[in-house]
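Containing mmCIF, C-alpha atoms (C1' of nucleotides): my_file17.cif.
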data_structure
loop_
_atom_site.label_atom_id
_atom_site.label_comp_id
_atom_site.auth_asym_id
_atom_site.auth_seq_id
_atom_site.Cartn_x
_atom_site.Cartn_y
_atom_site.Cartn_z
CA MET A 624 36.99 49.24 76.71
CA ALA A 625 38.52 51.34 74.02
CA ALA A 626 38.56 54.46 76.10
CA SER A 627 37.86 56.75 73.21
CA GLY A 628 36.99 54.06 70.69
CA SER A 629 33.71 55.24 69.33
CA THR A 630 34.93 58.17 67.30
CA VAL A 631 32.90 56.73 64.51
CA SER A 632 33.01 59.11 61.61
CA SER A 633 34.49 56.87 58.91
CA PRO A 634 36.49 59.34 56.91
CA SER A 635 38.07 57.71 53.90
CA VAL A 636 39.48 54.47 52.66
CA GLU A 637 42.99 55.64 53.38
CA ASP A 638 42.10 56.73 56.88
CA VAL A 639 40.75 53.33 57.74
CA LEU A 640 43.77 51.64 56.25
CA ALA A 641 45.94 53.87 58.40
CA GLN A 642 43.90 52.85 61.41
CA LEU A 643 44.53 49.23 60.53
CA ARG A 644 48.22 49.80 60.12
CA ALA A 645 48.36 51.61 63.44
CA ARG A 646 46.94 48.54 65.10
CA GLY A 647 49.70 46.40 63.69
CA GLY A 648 47.58 45.22 60.81
CA ARG A 649 48.66 44.96 57.19
CA VAL A 650 47.26 46.70 54.19
CA THR A 651 46.32 44.18 51.58
CA THR A 652 44.55 44.23 48.26
CA ALA A 653 41.58 42.42 49.73
CA ARG A 654 41.20 45.03 52.44
CA ARG A 655 41.59 48.00 50.19
CA GLN A 656 39.09 46.65 47.69
CA LEU A 657 36.60 45.76 50.38
CA LEU A 658 36.78 49.23 51.81
CA GLU A 659 36.40 50.74 48.40
CA ALA A 660 33.31 48.65 47.81
CA LEU A 661 31.90 49.73 51.14
CA PHE A 662 32.59 53.41 50.55
CA ASP A 663 31.15 53.07 47.10
CA SER A 664 27.53 53.23 48.06
CA THR A 665 25.34 53.56 51.09
CA GLU A 666 23.17 50.59 50.23
CA HIS A 667 22.87 47.57 52.45
CA ARG A 668 25.19 45.01 51.02
CA THR A 669 25.46 41.36 51.85
CA ALA A 670 28.82 39.68 52.30
CA GLU A 671 28.19 37.89 49.05
CA GLY A 672 27.46 41.09 47.18
CA LEU A 673 30.55 42.73 48.55
CA ALA A 674 32.57 39.69 47.61
CA ALA A 675 31.30 39.89 44.05
CA GLU A 676 32.26 43.50 43.81
CA VAL A 677 35.70 42.94 45.25
CA GLN A 678 36.21 39.94 43.00
CA SER A 679 35.41 41.94 39.90
CA ARG A 680 38.65 43.74 40.60
CA ALA A 681 40.62 41.09 42.45
CA PRO A 682 39.23 37.74 41.40
CA ASP A 683 41.16 35.66 43.88
CA VAL A 684 39.72 37.21 47.01
CA HIS A 685 37.82 34.51 48.78
CA ILE A 686 34.54 35.11 50.53
CA SER A 687 35.99 33.88 53.79
CA THR A 688 38.43 36.76 53.57
CA ILE A 689 35.50 39.11 53.13
CA TYR A 690 33.88 37.77 56.26
CA ARG A 691 37.09 37.98 58.22
CA ASN A 692 37.66 41.54 57.18
CA LEU A 693 34.10 42.64 57.76
CA ASP A 694 34.50 41.23 61.22
CA GLU A 695 37.69 43.12 61.78
CA LEU A 696 36.20 46.35 60.46
CA GLU A 697 33.28 45.90 62.74
CA ARG A 698 35.63 45.52 65.67
CA LEU A 699 37.21 48.77 64.60
CA GLY A 700 33.85 50.46 64.56
CA VAL A 701 34.03 51.25 60.87
CA VAL A 702 31.31 48.88 59.80
CA VAL A 703 28.09 47.63 61.32
CA HIS A 704 25.91 44.75 60.31
CA THR A 705 22.18 44.39 60.51
CA HIS A 706 19.83 41.46 60.41
CA LEU A 707 17.04 42.10 57.99
CA GLY A 708 14.55 39.40 58.92
CA HIS A 709 15.53 36.17 57.19
CA GLY A 710 18.37 35.91 54.75
CA PRO A 711 21.92 37.08 55.08
CA ALA A 712 23.10 39.96 57.24
CA THR A 713 23.82 43.28 55.58
CA TYR A 714 26.79 45.51 56.15
CA HIS A 715 27.40 49.22 55.86
CA LEU A 716 29.69 51.91 57.07
CA SER A 717 28.77 52.98 60.53
CA SER A 718 28.98 56.59 59.40
CA VAL A 719 25.96 56.02 57.23
CA ALA A 720 24.25 53.67 59.63
CA HIS A 721 20.55 54.13 59.99
CA SER A 722 17.53 52.13 60.91
CA HIS A 723 15.43 50.14 58.53
CA LEU A 724 11.81 49.37 57.98
CA VAL A 725 11.71 46.15 56.02
CA CYS A 726 8.58 44.83 54.39
CA GLU A 727 8.15 41.20 55.31
CA LEU A 728 6.26 40.53 52.11
CA CYS A 729 8.21 42.21 49.34
CA GLY A 730 11.47 42.81 51.15
CA MET A 731 11.60 46.49 50.38
CA ALA A 732 13.64 48.48 52.88
CA ILE A 733 13.00 52.04 53.97
CA GLU A 734 15.73 53.95 55.72
CA ALA A 735 14.36 55.51 58.83
CA PRO A 736 15.78 58.42 60.80
CA ASP A 737 16.69 57.73 64.38
CA GLU A 738 14.19 60.21 65.69
CA LEU A 739 11.44 57.79 64.77
CA PHE A 740 12.74 55.71 67.66
CA ARG A 741 12.88 58.45 70.21
CA GLU A 742 9.85 57.35 72.19
CA LEU A 743 10.78 53.70 72.03
CA ALA A 744 14.27 54.56 73.17
CA SER A 745 13.21 56.60 76.14
CA GLY A 746 10.47 54.17 77.07
CA ALA A 747 12.84 51.23 77.06
CA GLN A 748 15.41 53.19 79.00
CA ASP A 749 12.97 54.40 81.63
CA ARG A 750 11.17 51.18 82.20
CA TYR A 751 13.86 48.60 81.77
CA GLY A 752 17.15 50.46 81.77
CA PHE A 753 17.51 49.09 78.28
CA ARG A 754 19.38 51.15 75.74
CA ILE A 755 18.17 50.32 72.28
CA ASP A 756 20.43 50.24 69.26
CA PRO A 757 18.04 50.93 66.41
CA ARG A 758 20.70 50.52 63.76
CA HIS A 759 21.34 46.93 64.58
CA PHE A 760 17.99 45.44 63.81
CA ALA A 761 15.33 45.86 61.23
CA VAL A 762 11.76 46.79 61.95
CA LEU A 763 9.59 44.32 60.12
CA GLY A 764 6.11 45.03 58.91
CA ARG A 765 4.31 45.86 55.70
CA CYS A 766 5.01 48.61 53.27
CA ARG A 767 2.25 50.74 51.86
CA ALA A 768 1.89 48.62 48.75
CA CYS A 769 1.79 45.27 50.52
CA SER A 770 -0.33 46.58 53.31
CA GLY A 771 -3.38 46.54 51.09
CA ALA A 772 -2.51 43.23 49.48
CA THR A 773 -3.05 40.37 51.91
CA SER A 774 -5.53 42.17 54.12
CA MET B 518 -7.51 44.09 58.58
CA ALA B 519 -7.90 40.39 58.18
CA ALA B 520 -11.61 40.33 57.66
CA SER B 521 -12.17 37.65 60.22
CA GLY B 522 -9.32 35.21 59.76
CA SER B 523 -7.10 36.28 62.59
CA THR B 524 -9.29 35.27 65.44
CA VAL B 525 -6.04 34.62 67.17
CA SER B 526 -6.86 33.65 70.68
CA SER B 527 -5.24 30.23 70.75
CA PRO B 528 -7.57 28.42 73.05
CA SER B 529 -6.32 24.94 73.75
CA VAL B 530 -4.44 22.09 72.24
CA GLU B 531 -7.66 20.34 71.35
CA ASP B 532 -9.09 23.42 69.71
CA VAL B 533 -6.14 23.74 67.45
CA LEU B 534 -6.25 20.08 66.58
CA ALA B 535 -9.89 20.53 65.69
CA GLN B 536 -8.96 23.43 63.47
CA LEU B 537 -6.43 21.23 61.74
CA ARG B 538 -8.93 18.48 61.25
CA ALA B 539 -11.45 20.93 59.86
CA ARG B 540 -8.93 21.90 57.21
CA GLY B 541 -8.60 18.30 56.12
CA GLY B 542 -5.47 17.78 58.18
CA ARG B 543 -4.68 14.78 60.33
CA VAL B 544 -4.10 14.65 64.02
CA THR B 545 -0.81 12.95 64.69
CA THR B 546 1.32 12.32 67.72
CA ALA B 547 3.94 14.73 66.49
CA ARG B 548 1.39 17.49 66.18
CA ARG B 549 -0.23 16.91 69.50
CA GLN B 550 3.11 16.80 71.28
CA LEU B 551 4.35 19.89 69.54
CA LEU B 552 1.25 21.79 70.53
CA GLU B 553 1.55 20.57 74.06
CA ALA B 554 5.13 21.78 74.19
CA LEU B 555 4.07 25.14 72.84
CA PHE B 556 1.22 25.53 75.28
CA ASP B 557 3.49 24.44 78.06
CA SER B 558 5.25 27.72 78.57
CA THR B 559 5.31 31.21 77.20
CA GLU B 560 9.06 31.28 76.72
CA HIS B 561 10.67 31.80 73.36
CA ARG B 562 11.59 28.39 72.13
CA THR B 563 13.75 27.42 69.22
CA ALA B 564 12.78 24.66 66.84
CA GLU B 565 15.57 22.61 68.32
CA GLY B 566 14.34 23.12 71.86
CA LEU B 567 10.82 22.22 70.91
CA ALA B 568 12.10 19.14 69.13
CA ALA B 569 13.95 18.05 72.26
CA GLU B 570 10.83 18.44 74.32
CA VAL B 571 8.67 16.57 71.87
CA GLN B 572 11.29 13.86 71.55
CA SER B 573 11.38 13.31 75.26
CA ARG B 574 7.89 11.96 74.85
CA ALA B 575 7.95 10.71 71.29
CA PRO B 576 11.58 9.96 70.45
CA ASP B 577 11.06 9.30 66.77
CA VAL B 578 9.74 12.72 65.87
CA HIS B 579 12.26 14.24 63.54
CA ILE B 580 13.22 17.89 63.62
CA SER B 581 12.10 18.32 60.04
CA THR B 582 8.63 17.38 61.19
CA ILE B 583 8.86 20.07 63.83
CA TYR B 584 9.75 22.63 61.22
CA ARG B 585 6.99 21.49 58.93
CA ASN B 586 4.43 21.69 61.67
CA LEU B 587 5.60 25.01 63.00
CA ASP B 588 5.20 26.27 59.48
CA GLU B 589 1.72 24.92 59.23
CA LEU B 590 0.75 26.31 62.61
CA GLU B 591 2.07 29.65 61.56
CA ARG B 592 -0.07 29.53 58.46
CA LEU B 593 -3.01 28.82 60.73
CA GLY B 594 -2.17 31.85 62.82
CA VAL B 595 -1.61 29.81 65.95
CA VAL B 596 2.11 30.36 66.15
CA VAL B 597 4.47 33.18 65.25
CA HIS B 598 8.20 33.20 64.93
CA THR B 599 10.65 35.95 65.72
CA HIS B 600 14.23 36.64 64.77
CA LEU B 601 16.27 37.46 67.82
CA GLY B 602 19.42 38.91 66.32
CA HIS B 603 21.74 36.06 65.41
CA GLY B 604 21.02 32.45 66.04
CA PRO B 605 17.91 30.46 65.38
CA ALA B 606 14.40 31.83 65.16
CA THR B 607 12.13 31.46 68.16
CA TYR B 608 8.53 30.39 68.16
CA HIS B 609 5.60 31.03 70.43
CA LEU B 610 1.87 30.99 70.47
CA SER B 611 0.47 34.06 68.84
CA SER B 612 -1.85 34.48 71.80
CA VAL B 613 1.14 35.25 73.96
CA ALA B 614 3.05 37.09 71.27
CA HIS B 615 4.88 40.16 72.40
CA SER B 616 7.85 42.21 71.44
CA HIS B 617 11.35 41.69 72.70
CA LEU B 618 14.26 43.75 73.84
CA VAL B 619 17.32 41.59 73.42
CA CYS B 620 20.69 42.48 74.86
CA GLU B 621 23.32 42.10 72.17
CA LEU B 622 25.97 41.39 74.76
CA CYS B 623 24.46 38.92 77.18
CA GLY B 624 21.50 37.78 75.13
CA MET B 625 18.96 38.48 77.84
CA ALA B 626 15.48 39.10 76.50
CA ILE B 627 12.90 41.41 77.99
CA GLU B 628 9.31 41.08 76.93
CA ALA B 629 7.95 44.45 76.01
CA PRO B 630 4.33 45.55 75.78
CA ASP B 631 3.16 46.74 72.40
CA GLU B 632 2.39 50.18 73.69
CA LEU B 633 6.10 50.86 73.82
CA PHE B 634 5.92 50.90 70.05
CA ARG B 635 3.00 53.22 69.74
CA GLU B 636 4.96 56.23 68.60
CA LEU B 637 7.14 54.26 66.28
CA ALA B 638 4.07 52.64 64.80
CA SER B 639 2.24 55.85 64.14
CA GLY B 640 5.35 57.60 62.91
CA ALA B 641 6.12 54.85 60.43
CA GLN B 642 2.52 54.77 59.32
CA ASP B 643 2.22 58.51 58.86
CA ARG B 644 5.49 59.09 57.13
CA TYR B 645 5.91 56.00 55.06
CA GLY B 646 2.60 54.21 55.08
CA PHE B 647 4.52 51.41 56.74
CA ARG B 648 2.70 49.26 59.22
CA ILE B 649 5.15 47.81 61.71
CA ASP B 650 4.82 44.34 63.19
CA PRO B 651 6.66 44.67 66.47
CA ARG B 652 6.23 41.04 67.36
CA HIS B 653 8.18 39.80 64.42
CA PHE B 654 11.56 41.29 65.19
CA ALA B 655 13.67 41.90 68.22
CA VAL B 656 14.89 45.25 69.37
CA LEU B 657 18.59 44.93 69.98
CA GLY B 658 20.54 47.02 72.43
CA ARG B 659 22.06 46.75 75.87
CA CYS B 660 20.42 45.74 79.05
CA ARG B 661 20.95 47.66 82.24
CA ALA B 662 23.73 45.40 83.42
CA CYS B 663 25.68 45.39 80.17
CA SER B 664 25.05 49.02 79.53
CA GLY B 665 27.59 50.00 82.15
CA ALA B 666 30.10 47.40 81.02
CA THR B 667 31.56 48.38 77.67
CA SER B 668 31.66 52.16 77.73
"C1'" DG C 1273 -8.20 3.01 50.19
"C1'" DT C 1274 -6.96 7.88 49.75
"C1'" DG C 1275 -3.86 11.09 50.46
"C1'" DC C 1276 -1.91 13.66 54.23
"C1'" DT C 1277 2.28 13.06 57.28
"C1'" DT C 1278 6.21 11.22 58.59
"C1'" DG C 1279 11.34 9.72 59.09
"C1'" DC C 1280 15.33 9.76 56.93
"C1'" DA C 1281 19.09 11.49 54.36
"C1'" DA C 1282 20.73 14.66 51.68
"C1'" DA C 1283 20.97 19.44 50.08
"C1'" DC C 1284 20.68 24.12 50.99
"C1'" DG C 1285 22.53 29.02 52.05
"C1'" DT C 1286 25.22 31.55 55.21
"C1'" DT C 1287 29.03 31.80 58.07
"C1'" DT C 1288 33.15 29.93 60.55
"C1'" DT C 1289 37.35 27.41 61.00
"C1'" DG C 1290 42.14 24.92 60.37
"C1'" DC C 1291 45.90 24.96 57.84
"C1'" DA C 1292 49.96 25.79 54.92
"C1'" DG C 1293 51.70 29.17 51.99
"C1'" DA C 1294 52.05 34.25 50.66
"C1'" DC C 1295 52.56 38.59 51.73
"C1'" DT C 1296 53.36 43.23 54.37
"C1'" DC C 1297 56.18 45.56 57.12
"C1'" DG D 800 62.64 37.56 59.15
"C1'" DA D 801 58.47 37.91 62.06
"C1'" DG D 802 54.08 37.76 62.18
"C1'" DT D 803 49.82 38.99 59.82
"C1'" DC D 804 46.67 37.63 56.04
"C1'" DT D 805 45.27 34.86 52.58
"C1'" DG D 806 43.11 30.98 49.64
"C1'" DC D 807 41.31 26.77 49.93
"C1'" DA D 808 38.62 23.08 51.62
"C1'" DA D 809 35.90 21.43 54.90
"C1'" DA D 810 32.84 21.91 58.63
"C1'" DA D 811 29.27 24.15 61.24
"C1'" DC D 812 24.80 25.95 61.70
"C1'" DG D 813 19.83 26.39 61.00
"C1'" DT D 814 16.59 25.15 57.78
"C1'" DT D 815 14.38 22.97 53.64
"C1'" DT D 816 13.39 19.32 50.43
"C1'" DG D 817 12.59 14.63 47.87
"C1'" DC D 818 11.23 10.37 48.61
"C1'" DA D 819 9.12 6.04 49.94
"C1'" DA D 820 6.82 4.08 53.80
"C1'" DG D 821 3.24 4.89 57.44
"C1'" DC D 822 -0.76 6.45 59.37
"C1'" DA D 823 -5.37 9.04 60.13
"C1'" DC D 824 -9.48 9.25 58.32
#

Step by step, read the file and then write its structure as structure tokens.
Amino acid sequence: MAASGSTVSSPSVEDVLAQLRARGGRVTTARRQLLEALFDSTEHRTAEGLAAEVQSRAPDVHISTIYRNLDELERLGVVVHTHLGHGPATYHLSSVAHSHLVCELCGMAIEAPDELFRELASGAQDRYGFRIDPRHFAVLGRCRACSGATS
Amino acid sequence: MAASGSTVSSPSVEDVLAQLRARGGRVTTARRQLLEALFDSTEHRTAEGLAAEVQSRAPDVHISTIYRNLDELERLGVVVHTHLGHGPATYHLSSVAHSHLVCELCGMAIEAPDELFRELASGAQDRYGFRIDPRHFAVLGRCRACSGATS
DNA sequence: GTGCTTGCAAACGTTTTGCAGACTC
DNA sequence: GAGTCTGCAAAACGTTTGCAAGCAC
């Protein structure tokens, strides 16, 4: 669907709000604050963390509203979420989406460029017709520090 | 790595039970049935699915026992679990462990040989000293069928 | 008999849902 | 005023835990 949809170059808070309005959506405090929190940093943030940040400015915003809006923003292509092993999912702007190498021992996350996945991508495509989406999952393993640790 | 410990070539139900006994553990119905369920097929099974199978033979086995034993078996190196995107974790014998390509639309899973990850593995190692564990996460993307579907 | 294992029930952390009221347009 | 969004509370989901009774050794 969405003939042109994936023009994913998240521009600014106001641009996204305009996008929402164009779709018949309303611009609310919760939405503006959530977007501001998201644009604030490129870190992986959990729904809970985002909620805390939004609540520091608008205390009444409920976490269920955060989830609903993250969902909506994901549908719009503004945000993507990633599953980093166990624990909660993390969200970021799709414009700063990238892959992750997550240490299964200490939890440290390295941001990896897509090119690291080039071979995997073409291999999966050639053999299985499978198109990987390296931004939507985390690569688990052991970081340098933990690699020595438990043999 | 793993001096000797990971002699992971899960032989048979009885072998594993012997291993358990050697560690001071007890051989119980729940454990034997769980192992039999695991050895039964190489599919990815959820804790719930395994519980159902065990319960069909030993109705009183509680799912918490399944979790506890899967945990223990994982500590023994007999079993590994994987996170396939959303939803529950899946478990399988480490002797048949493999990587997965999971379609984020239809959920279909393809079992991928480790060699597909060779480049990614060496790239991550060289650049970041990160040793990937391709069996412990799923590669999300779109399968051939769904790839045509949504743009 | 010792002490590892179990069933149960209850709690956990994350996410989703139903609903009536509040708000944006 | 119409219809979208919200807060709240409660449920859903997968998983973990505390406990007393039960079983393997």

- Pull out every residue of chain A that has at least one atom within 10 Å of chain C, counting only C-alpha atoms (C1' of nucleotides), and report them as a PyMOL selection string. chain A and resi 644+647-651+670-671+686-687+690-691+710-712

Least-squares superpose chain B onto chain A - every C-alpha atom, paired in order - and show me the moved coordinates as an mmCIF file with C-alpha atoms, keeping the file's coordinate frame.
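As a result, superposed_10.cif now contains:
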data_model
loop_
_atom_site.group_PDB
_atom_site.id
_atom_site.type_symbol
_atom_site.label_atom_id
_atom_site.label_comp_id
_atom_site.auth_asym_id
_atom_site.auth_seq_id
_atom_site.Cartn_x
_atom_site.Cartn_y
_atom_site.Cartn_z
ATOM 1 C CA MET B 518 29.807 55.701 76.704
ATOM 2 C CA ALA B 519 32.854 54.469 74.916
ATOM 3 C CA ALA B 520 35.339 56.776 76.510
ATOM 4 C CA SER B 521 36.831 57.824 73.235
ATOM 5 C CA GLY B 522 36.993 54.675 71.150
ATOM 6 C CA SER B 523 33.973 55.189 68.982
ATOM 7 C CA THR B 524 35.166 58.148 67.044
ATOM 8 C CA VAL B 525 33.103 56.666 64.301
ATOM 9 C CA SER B 526 33.219 59.066 61.444
ATOM 10 C CA SER B 527 34.682 56.783 58.803
ATOM 11 C CA PRO B 528 36.712 59.232 56.835
ATOM 12 C CA SER B 529 38.250 57.578 53.825
ATOM 13 C CA VAL B 530 39.631 54.338 52.586
ATOM 14 C CA GLU B 531 43.155 55.491 53.274
ATOM 15 C CA ASP B 532 42.310 56.562 56.790
ATOM 16 C CA VAL B 533 40.967 53.185 57.630
ATOM 17 C CA LEU B 534 43.959 51.479 56.114
ATOM 18 C CA ALA B 535 46.146 53.684 58.258
ATOM 19 C CA GLN B 536 44.161 52.656 61.292
ATOM 20 C CA LEU B 537 44.740 49.040 60.383
ATOM 21 C CA ARG B 538 48.422 49.582 59.939
ATOM 22 C CA ALA B 539 48.626 51.368 63.264
ATOM 23 C CA ARG B 540 47.198 48.282 64.922
ATOM 24 C CA GLY B 541 49.944 46.147 63.453
ATOM 25 C CA GLY B 542 47.758 44.997 60.588
ATOM 26 C CA ARG B 543 48.780 44.722 56.965
ATOM 27 C CA VAL B 544 47.371 46.521 54.007
ATOM 28 C CA THR B 545 46.375 44.002 51.394
ATOM 29 C CA THR B 546 44.581 44.121 48.095
ATOM 30 C CA ALA B 547 41.606 42.325 49.546
ATOM 31 C CA ARG B 548 41.267 44.898 52.281
ATOM 32 C CA ARG B 549 41.652 47.886 50.065
ATOM 33 C CA GLN B 550 39.126 46.555 47.578
ATOM 34 C CA LEU B 551 36.664 45.664 50.272
ATOM 35 C CA LEU B 552 36.884 49.131 51.732
ATOM 36 C CA GLU B 553 36.487 50.659 48.334
ATOM 37 C CA ALA B 554 33.370 48.599 47.755
ATOM 38 C CA LEU B 555 32.004 49.679 51.102
ATOM 39 C CA PHE B 556 32.714 53.338 50.521
ATOM 40 C CA ASP B 557 31.246 53.046 47.082
ATOM 41 C CA SER B 558 27.627 53.225 48.077
ATOM 42 C CA THR B 559 25.485 53.539 51.138
ATOM 43 C CA GLU B 560 23.279 50.595 50.265
ATOM 44 C CA HIS B 561 22.957 47.569 52.477
ATOM 45 C CA ARG B 562 25.247 44.994 51.024
ATOM 46 C CA THR B 563 25.527 41.341 51.833
ATOM 47 C CA ALA B 564 28.864 39.632 52.243
ATOM 48 C CA GLU B 565 28.177 37.846 49.001
ATOM 49 C CA GLY B 566 27.463 41.063 47.145
ATOM 50 C CA LEU B 567 30.573 42.685 48.485
ATOM 51 C CA ALA B 568 32.573 39.629 47.508
ATOM 52 C CA ALA B 569 31.255 39.851 43.956
ATOM 53 C CA GLU B 570 32.249 43.470 43.742
ATOM 54 C CA VAL B 571 35.693 42.872 45.136
ATOM 55 C CA GLN B 572 36.148 39.880 42.866
ATOM 56 C CA SER B 573 35.339 41.897 39.808
ATOM 57 C CA ARG B 574 38.590 43.673 40.477
ATOM 58 C CA ALA B 575 40.566 41.025 42.300
ATOM 59 C CA PRO B 576 39.140 37.665 41.239
ATOM 60 C CA ASP B 577 41.082 35.559 43.697
ATOM 61 C CA VAL B 578 39.692 37.121 46.840
ATOM 62 C CA HIS B 579 37.765 34.418 48.594
ATOM 63 C CA ILE B 580 34.504 35.032 50.392
ATOM 64 C CA SER B 581 35.992 33.788 53.632
ATOM 65 C CA THR B 582 38.449 36.645 53.404
ATOM 66 C CA ILE B 583 35.537 39.016 53.013
ATOM 67 C CA TYR B 584 33.944 37.661 56.141
ATOM 68 C CA ARG B 585 37.178 37.839 58.057
ATOM 69 C CA ASN B 586 37.755 41.409 57.046
ATOM 70 C CA LEU B 587 34.215 42.524 57.667
ATOM 71 C CA ASP B 588 34.641 41.088 61.116
ATOM 72 C CA GLU B 589 37.836 42.955 61.665
ATOM 73 C CA LEU B 590 36.374 46.190 60.363
ATOM 74 C CA GLU B 591 33.467 45.749 62.678
ATOM 75 C CA ARG B 592 35.832 45.338 65.583
ATOM 76 C CA LEU B 593 37.448 48.581 64.499
ATOM 77 C CA GLY B 594 34.085 50.297 64.505
ATOM 78 C CA VAL B 595 34.248 51.114 60.820
ATOM 79 C CA VAL B 596 31.501 48.771 59.749
ATOM 80 C CA VAL B 597 28.286 47.503 61.293
ATOM 81 C CA HIS B 598 26.079 44.654 60.279
ATOM 82 C CA THR B 599 22.333 44.331 60.521
ATOM 83 C CA HIS B 600 19.928 41.432 60.418
ATOM 84 C CA LEU B 601 17.133 42.124 58.000
ATOM 85 C CA GLY B 602 14.612 39.456 58.896
ATOM 86 C CA HIS B 603 15.536 36.269 57.073
ATOM 87 C CA GLY B 604 18.400 35.932 54.700
ATOM 88 C CA PRO B 605 21.959 37.066 55.040
ATOM 89 C CA ALA B 606 23.191 39.903 57.203
ATOM 90 C CA THR B 607 23.922 43.231 55.565
ATOM 91 C CA TYR B 608 26.910 45.432 56.139
ATOM 92 C CA HIS B 609 27.541 49.130 55.858
ATOM 93 C CA LEU B 610 29.849 51.801 57.063
ATOM 94 C CA SER B 611 28.990 52.853 60.556
ATOM 95 C CA SER B 612 29.191 56.462 59.435
ATOM 96 C CA VAL B 613 26.124 55.914 57.316
ATOM 97 C CA ALA B 614 24.452 53.536 59.728
ATOM 98 C CA HIS B 615 20.750 53.973 60.123
ATOM 99 C CA SER B 616 17.737 51.969 61.044
ATOM 100 C CA HIS B 617 15.572 50.065 58.637
ATOM 101 C CA LEU B 618 11.936 49.392 58.057
ATOM 102 C CA VAL B 619 11.752 46.214 56.040
ATOM 103 C CA CYS B 620 8.589 44.995 54.387
ATOM 104 C CA GLU B 621 8.084 41.344 55.230
ATOM 105 C CA LEU B 622 6.166 40.795 52.028
ATOM 106 C CA CYS B 623 8.133 42.507 49.301
ATOM 107 C CA GLY B 624 11.416 42.974 51.110
ATOM 108 C CA MET B 625 11.627 46.683 50.413
ATOM 109 C CA ALA B 626 13.732 48.558 52.932
ATOM 110 C CA ILE B 627 13.179 52.100 54.098
ATOM 111 C CA GLU B 628 15.954 53.899 55.883
ATOM 112 C CA ALA B 629 14.631 55.460 59.024
ATOM 113 C CA PRO B 630 16.129 58.277 61.070
ATOM 114 C CA ASP B 631 17.035 57.452 64.634
ATOM 115 C CA GLU B 632 14.613 59.967 66.011
ATOM 116 C CA LEU B 633 11.800 57.633 65.071
ATOM 117 C CA PHE B 634 13.053 55.469 67.898
ATOM 118 C CA ARG B 635 13.261 58.157 70.495
ATOM 119 C CA GLU B 636 10.228 57.091 72.462
ATOM 120 C CA LEU B 637 11.038 53.443 72.237
ATOM 121 C CA ALA B 638 14.559 54.173 73.382
ATOM 122 C CA SER B 639 13.561 56.173 76.397
ATOM 123 C CA GLY B 640 10.763 53.802 77.288
ATOM 124 C CA ALA B 641 13.054 50.794 77.190
ATOM 125 C CA GLN B 642 15.669 52.656 79.164
ATOM 126 C CA ASP B 643 13.284 53.868 81.834
ATOM 127 C CA ARG B 644 11.392 50.676 82.336
ATOM 128 C CA TYR B 645 14.018 48.053 81.855
ATOM 129 C CA GLY B 646 17.344 49.813 81.887
ATOM 130 C CA PHE B 647 17.679 48.501 78.359
ATOM 131 C CA ARG B 648 19.586 50.580 75.884
ATOM 132 C CA ILE B 649 18.358 49.860 72.380
ATOM 133 C CA ASP B 650 20.617 49.813 69.341
ATOM 134 C CA PRO B 651 18.228 50.620 66.531
ATOM 135 C CA ARG B 652 20.849 50.228 63.860
ATOM 136 C CA HIS B 653 21.463 46.615 64.601
ATOM 137 C CA PHE B 654 18.066 45.185 63.791
ATOM 138 C CA ALA B 655 15.386 45.742 61.239
ATOM 139 C CA VAL B 656 11.850 46.722 61.992
ATOM 140 C CA LEU B 657 9.619 44.347 60.110
ATOM 141 C CA GLY B 658 6.144 45.170 58.918
ATOM 142 C CA ARG B 659 4.337 46.098 55.742
ATOM 143 C CA CYS B 660 5.089 48.867 53.378
ATOM 144 C CA ARG B 661 2.380 51.097 52.025
ATOM 145 C CA ALA B 662 1.944 49.063 48.879
ATOM 146 C CA CYS B 663 1.763 45.680 50.580
ATOM 147 C CA SER B 664 -0.284 46.981 53.427
ATOM 148 C CA GLY B 665 -3.369 47.107 51.249
ATOM 149 C CA ALA B 666 -2.675 43.736 49.672
ATOM 150 C CA THR B 667 -3.242 40.981 52.202
ATOM 151 C CA SER B 668 -6.063 42.240 54.383
#

- Please measure the separation of CA of Ser611 (chain B) and CA of Ala626 (chain B), giving the value in Å to one decimal.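 Taking CA of Ser611 (chain B) and CA of Ala626 (chain B), their separation equals 17.6 Å.
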
- Nearest to chain B, restricted to all atoms listed in the file and choosing among D:DT803, D:DA823, D:DA809, D:DC818, comes out as D:DA823

At most 12 Å is the cut-off: for each residue in chain D with any atom that close to an atom of chain A, write down the nearest atom pair and the distance in Å rounded to one decimal, counting all atoms listed in the file, chain first then increasing number, as a tab-separated table.
residue	atom	partner	partner_atom	distance
D:DG802	C1'	A:Gly647	CA	9.8
D:DT803	C1'	A:Arg649	CA	6.6
D:DC804	C1'	A:Arg649	CA	7.7
D:DT805	C1'	A:Thr688	CA	7.2
D:DG806	C1'	A:His685	CA	6.4
D:DC807	C1'	A:His685	CA	8.6
D:DA808	C1'	A:Ser687	CA	11.3
D:DG813	C1'	A:His709	CA	11.3
D:DT814	C1'	A:His709	CA	11.1

- Item | Output of the PyMOL selection byres ((chain B) within 8 of (chain A)), listed as a ChimeraX atom specification | /B:518-520,600,602-603,618,633-634,636-637,640-641,645-651,653-661,664,667-668

- Quick one: which residues end up in the PyMOL selection byres ((chain A and resi 672) around 12) for this structure, as a ChimeraX atom specification? /A:657,660-661,666-671,673-679,686,689-690,711-715

- Task: Quick one: pull the distance between CA of Ser612 (chain B) and CA of Pro576 (chain B), Å, one decimal.
- Result: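 It comes out at 28.0 Å.
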
- Query: Could you work out how far CA of Ala535 (chain B) lies from CA of Leu587 (chain B), giving the answer in Å with one decimal?
  - Reply: 16.3 Å
